[in-house]
>>> print(open('run-v5.tsv').read())   # TSV, C-alpha atoms
chain	number	residue	atom	x	y	z
Y	6	MET	CA	12.27	4.41	28.93
Y	7	ALA	CA	10.87	2.77	25.84
Y	8	THR	CA	12.64	-0.31	24.51
Y	9	ARG	CA	14.27	0.47	21.19
Y	10	ILE	CA	13.64	-1.94	18.36
Y	11	LYS	CA	14.49	-1.93	14.70
Y	12	ILE	CA	12.06	-3.18	12.06
Y	13	LEU	CA	12.69	-3.91	8.39
Y	14	SER	CA	9.55	-3.07	6.39
Y	15	ILE	CA	9.45	-4.77	3.00
Y	16	CYS	CA	7.24	-4.25	-0.02
Y	17	GLY	CA	7.51	-4.70	-3.77
Y	18	SER	CA	8.84	-1.27	-4.59
Y	19	GLY	CA	10.12	-0.12	-1.20
Y	20	VAL	CA	8.09	3.05	-1.74
Y	21	VAL	CA	4.40	3.02	-0.96
Y	22	THR	CA	3.34	0.02	1.07
Y	23	SER	CA	6.49	-0.35	3.16
Y	24	ASN	CA	6.15	3.28	4.26
Y	25	MET	CA	2.46	2.85	5.09
Y	26	VAL	CA	3.34	-0.22	7.16
Y	27	ALA	CA	6.29	1.52	8.82
Y	28	GLY	CA	4.13	4.45	9.95
Y	29	LYS	CA	1.53	2.09	11.35
Y	30	LEU	CA	4.15	0.01	13.16
Y	31	LYS	CA	5.68	3.05	14.85
Y	32	ASP	CA	2.23	4.00	16.20
Y	33	LEU	CA	1.29	0.47	17.29
Y	34	PHE	CA	4.62	-0.25	18.98
Y	35	ALA	CA	4.62	3.14	20.72
Y	36	GLU	CA	1.31	2.13	22.32
Y	37	LYS	CA	3.03	-1.02	23.61
Y	38	GLY	CA	6.00	0.85	25.06
Y	39	TYR	CA	8.49	0.37	22.25
Y	40	ASP	CA	10.41	2.96	20.30
Y	41	ALA	CA	10.44	1.47	16.80
Y	42	GLU	CA	12.92	2.57	14.19
Y	43	THR	CA	12.10	1.38	10.68
Y	44	VAL	CA	13.98	0.82	7.44
Y	45	GLU	CA	11.95	0.50	4.24
Y	46	ALA	CA	13.18	-1.63	1.36
Y	47	ASN	CA	12.02	-3.90	-1.44
Y	48	SER	CA	11.98	-7.67	-1.20
Y	49	SER	CA	15.25	-8.16	-3.09
Y	50	GLU	CA	17.08	-5.98	-0.56
Y	51	VAL	CA	16.40	-8.11	2.55
Y	52	GLU	CA	19.73	-9.92	2.64
Y	53	GLY	CA	21.70	-6.75	2.00
Y	54	CYS	CA	19.85	-4.87	4.74
Y	55	CYS	CA	20.28	-7.72	7.24
Y	56	SER	CA	23.99	-8.00	6.52
Y	57	ARG	CA	24.48	-4.28	7.24
Y	58	GLU	CA	22.56	-3.99	10.49
Y	59	HIS	CA	20.62	-5.93	13.09
Y	60	PHE	CA	16.82	-6.07	12.85
Y	61	ASP	CA	14.45	-7.32	15.55
Y	62	LEU	CA	11.56	-7.96	13.16
Y	63	ILE	CA	10.69	-8.03	9.48
Y	64	ALA	CA	7.22	-6.92	8.31
Y	65	TYR	CA	6.61	-7.91	4.69
Y	66	ALA	CA	3.92	-6.90	2.20
Y	67	SER	CA	5.72	-8.71	-0.61
Y	68	PRO	CA	6.96	-12.30	-0.29
Y	69	ILE	CA	10.56	-12.66	0.90
Y	70	SER	CA	12.73	-15.65	0.03
Y	71	ASN	CA	15.07	-15.42	3.02
Y	72	ASN	CA	14.34	-13.90	6.43
Y	73	CYS	CA	18.02	-14.06	7.47
Y	74	GLY	CA	17.00	-15.57	10.82
Y	75	VAL	CA	14.88	-12.53	11.77
Y	76	PRO	CA	11.27	-13.19	12.89
Y	77	ALA	CA	9.17	-12.18	9.85
Y	78	PHE	CA	5.45	-11.47	9.68
Y	79	ASN	CA	3.01	-10.74	6.85
Y	80	ALA	CA	1.97	-7.10	7.15
Y	81	ILE	CA	-1.11	-7.09	4.90
Y	82	GLY	CA	-3.40	-7.03	7.95
Y	83	LEU	CA	-1.85	-3.72	8.98
Y	84	ILE	CA	-2.85	-2.16	5.65
Y	85	THR	CA	-6.39	-3.51	5.59
Y	86	GLY	CA	-6.83	-2.90	9.33
Y	87	MET	CA	-8.01	-6.48	9.77
Y	88	GLY	CA	-5.46	-8.56	11.63
Y	89	GLU	CA	-3.60	-5.81	13.47
Y	90	ASP	CA	-4.06	-7.47	16.85
Y	91	GLU	CA	-2.79	-10.83	15.60
Y	92	PHE	CA	0.22	-9.19	14.01
Y	93	MET	CA	1.11	-7.34	17.20
Y	94	GLU	CA	0.60	-10.42	19.41
Y	95	GLU	CA	2.94	-12.52	17.30
Y	96	ALA	CA	5.49	-9.74	16.89
Y	97	ILE	CA	5.61	-8.97	20.62
Y	98	GLU	CA	5.91	-12.66	21.45
Y	99	ALA	CA	8.94	-12.81	19.13
Y	100	LEU	CA	10.43	-9.71	20.81
Y	101	HIS	CA	9.90	-11.23	24.28
Y	102	LYS	CA	11.67	-14.40	23.16
Y	103	ALA	CA	14.60	-12.23	22.11
Y	104	GLY	CA	14.56	-10.54	25.54
Y	105	LYS	CA	13.10	-7.22	24.35
V	8	MET	CA	-3.25	15.26	-5.26
V	9	LEU	CA	-6.90	14.66	-6.13
V	10	SER	CA	-8.53	15.87	-9.30
V	11	ARG	CA	-11.97	15.38	-10.79
V	12	ASN	CA	-10.24	14.41	-14.04
V	13	LEU	CA	-8.60	11.49	-12.27
V	14	ILE	CA	-11.84	9.86	-11.16
V	15	ARG	CA	-13.64	7.30	-13.32
V	16	LEU	CA	-17.03	5.82	-12.63
V	17	ASN	CA	-18.32	2.59	-14.22
V	18	LEU	CA	-14.98	1.81	-15.83
V	19	ASP	CA	-15.74	-1.09	-18.16
V	20	VAL	CA	-12.62	-3.23	-18.53
V	21	LYS	CA	-11.91	-6.90	-19.17
V	22	SER	CA	-8.59	-7.24	-17.36
V	23	LYS	CA	-6.35	-5.64	-14.79
V	24	GLU	CA	-3.87	-4.77	-17.54
V	25	GLU	CA	-6.54	-2.82	-19.41
V	26	ALA	CA	-7.60	-1.02	-16.22
V	27	ILE	CA	-4.05	-0.18	-15.17
V	28	ARG	CA	-3.15	1.10	-18.64
V	29	ILE	CA	-6.18	3.44	-18.73
V	30	LEU	CA	-5.50	4.85	-15.27
V	31	ALA	CA	-1.77	5.22	-15.88
V	32	GLU	CA	-2.43	7.04	-19.15
V	33	ASP	CA	-4.79	9.37	-17.29
V	34	PHE	CA	-1.85	10.18	-15.00
V	35	VAL	CA	0.39	10.84	-18.02
V	36	GLU	CA	-2.22	13.12	-19.54
V	37	ALA	CA	-2.57	15.02	-16.26
V	38	GLY	CA	1.19	15.52	-16.24
V	39	VAL	CA	1.72	13.93	-12.83
V	40	VAL	CA	3.90	11.05	-14.08
V	41	LYS	CA	6.42	10.42	-16.85
V	42	GLU	CA	5.40	8.29	-19.83
V	43	SER	CA	7.61	5.52	-18.47
V	44	PHE	CA	5.16	5.17	-15.56
V	45	VAL	CA	2.69	3.21	-17.74
V	46	ASP	CA	4.96	0.23	-18.45
V	47	ALA	CA	6.57	0.45	-15.03
V	48	VAL	CA	3.28	0.17	-13.15
V	49	LEU	CA	2.10	-2.71	-15.38
V	50	GLU	CA	5.36	-4.57	-14.81
V	51	ARG	CA	5.31	-3.88	-11.11
V	52	GLU	CA	1.77	-5.30	-10.78
V	53	GLN	CA	3.00	-8.58	-12.32
V	54	GLU	CA	6.04	-8.81	-10.08
V	55	SER	CA	4.47	-7.56	-6.91
V	56	PRO	CA	0.68	-7.45	-6.96
V	57	THR	CA	-1.30	-4.78	-5.10
V	58	ALA	CA	-4.81	-6.09	-4.46
V	59	LEU	CA	-6.03	-6.00	-0.87
V	60	PRO	CA	-8.94	-7.74	0.84
V	61	ALA	CA	-10.19	-4.45	2.26
V	62	VAL	CA	-12.83	-4.19	4.96
V	63	ALA	CA	-15.76	-3.44	2.60
V	64	TYR	CA	-14.69	-5.25	-0.60
V	65	ASP	CA	-11.50	-6.01	-2.52
V	66	VAL	CA	-9.51	-3.03	-3.78
V	67	ALA	CA	-6.16	-2.62	-5.55
V	68	ILE	CA	-3.57	0.15	-5.21
V	69	PRO	CA	-1.33	-0.12	-8.32
V	70	HIS	CA	1.85	1.95	-8.02
V	71	THR	CA	5.52	1.84	-8.87
V	72	VAL	CA	8.85	3.39	-7.90
V	73	SER	CA	9.21	7.16	-7.54
V	74	ALA	CA	11.56	7.56	-10.51
V	75	HIS	CA	8.54	7.65	-12.85
V	76	VAL	CA	6.55	10.16	-10.78
V	77	ILE	CA	6.54	13.94	-11.16
V	78	THR	CA	4.05	15.04	-8.51
V	79	PRO	CA	2.03	12.98	-6.01
V	80	ALA	CA	-1.42	11.97	-7.20
V	81	MET	CA	-4.13	9.41	-6.71
V	82	ASN	CA	-6.78	8.32	-9.14
V	83	VAL	CA	-9.96	6.42	-8.40
V	84	ALA	CA	-11.80	4.00	-10.66
V	85	VAL	CA	-15.04	2.29	-9.74
V	86	LEU	CA	-15.19	-0.76	-12.01
V	87	LYS	CA	-18.36	-1.78	-13.80
V	88	HIS	CA	-17.40	-5.42	-13.20
V	89	PRO	CA	-14.66	-6.60	-10.83
V	90	VAL	CA	-11.52	-7.92	-12.56
V	91	GLU	CA	-8.98	-10.43	-11.27
V	92	PHE	CA	-5.91	-9.17	-9.45
V	93	GLN	CA	-3.45	-11.09	-7.27
V	94	GLN	CA	-3.21	-10.30	-3.58
V	95	MET	CA	-0.40	-8.17	-2.24
V	96	GLY	CA	2.10	-10.38	-0.42
V	97	SER	CA	0.32	-13.58	-1.53
V	98	PRO	CA	0.56	-13.76	-5.35
V	99	ASP	CA	-1.18	-17.16	-5.40
V	100	VAL	CA	-4.39	-15.63	-4.01
V	101	THR	CA	-6.82	-14.13	-6.56
V	102	LEU	CA	-8.98	-11.18	-5.51
V	103	HIS	CA	-11.71	-9.31	-7.38
V	104	PRO	CA	-11.26	-5.58	-6.76
V	105	GLN	CA	-14.27	-3.37	-7.36
V	106	VAL	CA	-12.46	-0.08	-6.89
V	107	LEU	CA	-8.90	0.83	-7.89
V	108	PHE	CA	-6.80	3.57	-6.33
V	109	MET	CA	-3.69	4.11	-8.43
V	110	LEU	CA	-0.98	5.98	-6.55
V	111	ALA	CA	1.80	8.25	-7.76
V	112	ILE	CA	4.23	8.90	-4.92
V	113	SER	CA	7.33	10.97	-5.68
V	114	ASP	CA	8.94	11.05	-2.24
V	115	PRO	CA	7.60	8.58	0.33
V	116	LYS	CA	9.37	10.22	3.30
V	117	ASP	CA	8.03	13.62	2.37
V	118	GLN	CA	4.56	12.19	1.70
V	119	LEU	CA	4.34	9.99	4.79
V	120	SER	CA	1.29	11.76	6.20
V	121	LEU	CA	-0.42	11.39	2.83
V	122	LEU	CA	0.35	7.65	2.85
V	123	ARG	CA	-1.16	7.44	6.33
V	124	ARG	CA	-4.32	9.17	5.13
V	125	ILE	CA	-4.59	6.81	2.17
V	126	MET	CA	-4.20	3.83	4.48
V	127	LYS	CA	-6.88	5.20	6.78
V	128	MET	CA	-9.18	5.58	3.78
V	129	LEU	CA	-8.56	1.94	2.84
V	130	GLN	CA	-9.67	0.93	6.35
V	131	ASN	CA	-12.86	3.02	6.36
V	132	LYS	CA	-15.73	0.68	5.55
V	133	ASP	CA	-18.42	3.36	5.31
V	134	LEU	CA	-16.30	5.54	3.04
V	135	LEU	CA	-15.44	2.61	0.74
V	136	ASN	CA	-19.12	1.71	0.48
V	137	GLN	CA	-20.01	5.34	-0.29
V	138	ILE	CA	-17.38	5.47	-3.04
V	139	ARG	CA	-18.73	2.32	-4.66
V	140	ALA	CA	-22.32	3.61	-4.48
V	141	ALA	CA	-21.50	7.10	-5.76
V	142	LYS	CA	-23.56	8.40	-8.68
V	143	SER	CA	-21.04	10.88	-10.04
V	144	GLU	CA	-17.32	11.68	-10.16
V	145	ASP	CA	-18.09	14.88	-8.26
V	146	GLU	CA	-19.61	12.87	-5.44
V	147	ILE	CA	-16.45	10.75	-5.12
V	148	TYR	CA	-14.30	13.88	-5.21
V	149	GLY	CA	-16.42	15.38	-2.43
V	150	LEU	CA	-16.12	12.21	-0.33
V	151	LEU	CA	-12.36	11.93	-0.70
V	152	LYS	CA	-11.22	15.54	-0.60
V	153	PRO	CA	-11.61	16.01	3.18
V	154	VAL	CA	-10.00	12.61	3.84
V	155	ILE	CA	-7.00	12.84	1.51
V	156	GLU	CA	-6.28	16.57	1.24
V	157	VAL	CA	-6.18	17.69	4.84
>>> encode(input="run-v5.tsv", output="structure tokens")
Amino acid sequence: MATRIKILSICGSGVVTSNMVAGKLKDLFAEKGYDAETVEANSSEVEGCCSREHFDLIAYASPISNNCGVPAFNAIGLITGMGEDEFMEEAIEALHKAGK
Amino acid sequence: MLSRNLIRLNLDVKSKEEAIRILAEDFVEAGVVKESFVDAVLEREQESPTALPAVAYDVAIPHTVSAHVITPAMNVAVLKHPVEFQQMGSPDVTLHPQVLFMLAISDPKDQLSLLRRIMKMLQNKDLLNQIRAAKSEDEIYGLLKPVIEV
């Protein structure tokens, strides 16, 4: 049974990049045995999203001013394809620390 | 999604604003976006830049919210000289994109597989190099059609 996680994917408009990143994250986490659910939003919506529901990770392609205590990682490497491994290593380490 | 009329080779511009305006107006003329798209995409680039240090060279993917979009489209511009853009996610980093891919996305959930194909294109070093080296708009269209319009 895959471990369920919830990821907040942030970009400037909440339209293009956050959805590209979200699709990529679902694939990458599935390979690692996680079932990732994603929510896409723009950078001004982080606090609102985090107050409504719990997220295990934030992936951002636009700078965020407050991570609301959620481990947050720059997702640009997922879009360029360079830095995917580093992103996943750090993200999974954060999940392990949280017992997931 | 792709159209020969939305491909520009040797685009000679002095600034990102000039480049974005030309490409956005091409979209307006093609009827794929509302006129409000032009200012919206310029504004959005200032607030939240879209240049990426892609695997072959720097690129930029200017875009804005769906409210200004009528039908999904992508245009391609190979620049005569690179112009300065700020990096997505790191606005203090300056990049020098050589190719621009402006995106018009009307419904990201509906167009998720398209977004995946665009991302794959951005990660394809050989394809990016072929686009930059292309000698005609038709050649770029031929390179991208099988990748973007599956």
>>> closest_residue(input="run-v5.tsv", among="Y:Pro76, Y:Gly88, Y:Gly19, Y:Gly53", to="chain V", atoms="only C-alpha atoms")
Y:Gly19
>>> closest_residue(input="run-v5.tsv", among="Y:Ile63, Y:Ala103, Y:Ile84, Y:Leu30", to="Asn47 in chain Y", atoms="only C-alpha atoms")
Y:Ile63
>>> residues_around(input="run-v5.tsv", residues="range 107-123 of chain V", least_positions_apart="5", cutoff="7 Å", atoms="only C-alpha atoms", output="PyMOL selection string")
(chain Y and resi 20-21+24-25) or (chain V and resi 66-70+73+76-85+155)
>>> closest_atom_pairs(input="run-v5.tsv", of="chain V", to="chain Y", cutoff="7 Å", atoms="all atoms listed in the file", output="tab-separated table")
residue	atom	partner	partner_atom	distance
V:Ser55	CA	Y:Gly17	CA	5.2
V:Leu59	CA	Y:Thr85	CA	6.9
V:Pro60	CA	Y:Thr85	CA	6.9
V:Ala61	CA	Y:Thr85	CA	5.1
V:Val62	CA	Y:Thr85	CA	6.5
V:Thr71	CA	Y:Ser18	CA	6.2
V:Val72	CA	Y:Ser18	CA	5.7
V:Met95	CA	Y:Ala66	CA	6.3
V:Gly96	CA	Y:Ser67	CA	4.0
V:Ser97	CA	Y:Pro68	CA	6.9
V:Pro115	CA	Y:Val20	CA	5.9
V:Leu119	CA	Y:Asn24	CA	7.0
V:Leu122	CA	Y:Met25	CA	5.7
V:Arg123	CA	Y:Met25	CA	6.0
V:Met126	CA	Y:Ile84	CA	6.3
V:Leu129	CA	Y:Thr85	CA	6.5
V:Gln130	CA	Y:Thr85	CA	5.6
>>> residues_around(input="run-v5.tsv", residues="Lys21 in chain V", least_positions_apart="3", cutoff="9 Å", atoms="only C-alpha atoms", output="list of chain:residue names")
V:Glu24, V:Glu25, V:Ala26, V:His88, V:Pro89, V:Val90
>>> atom_distance(input="run-v5.tsv", atom1="CA of Leu86 in chain V", atom2="CA of Asn131 in chain V")
18.9 Å
>>> atom_distance(input="run-v5.tsv", atom1="CA of Phe78 in chain Y", atom2="CA of Gln53 in chain V")
22.3 Å
>>> closest_residue(input="run-v5.tsv", among="V:Tyr64, V:Val45, V:Pro153, V:Ala58", to="Asn136 in chain V", atoms="only C-alpha atoms")
V:Tyr64
>>> residues_around(input="run-v5.tsv", residues="Glu36 in chain Y", least_positions_apart="4", cutoff="12 Å", atoms="only C-alpha atoms", output="PyMOL selection string")
chain Y and resi 7-8+29-32+40-41+93
>>> residues_near_point(input="run-v5.tsv", point="(-11.4, -9.8, -9.8)", cutoff="7 Å", atoms="all atoms listed in the file", output="VMD selection string")
chain V and resid 89 to 92 102 to 104
>>> residues_around(input="run-v5.tsv", residues="Gly149 in chain V", least_positions_apart="5", cutoff="12 Å", atoms="all atoms listed in the file", output="list of chain:residue names")
V:Leu9, V:Ser10, V:Arg11, V:Ile14, V:Leu134, V:Gln137, V:Ile138, V:Ala141, V:Lys142, V:Ser143, V:Glu144, V:Val154, V:Ile155, V:Glu156
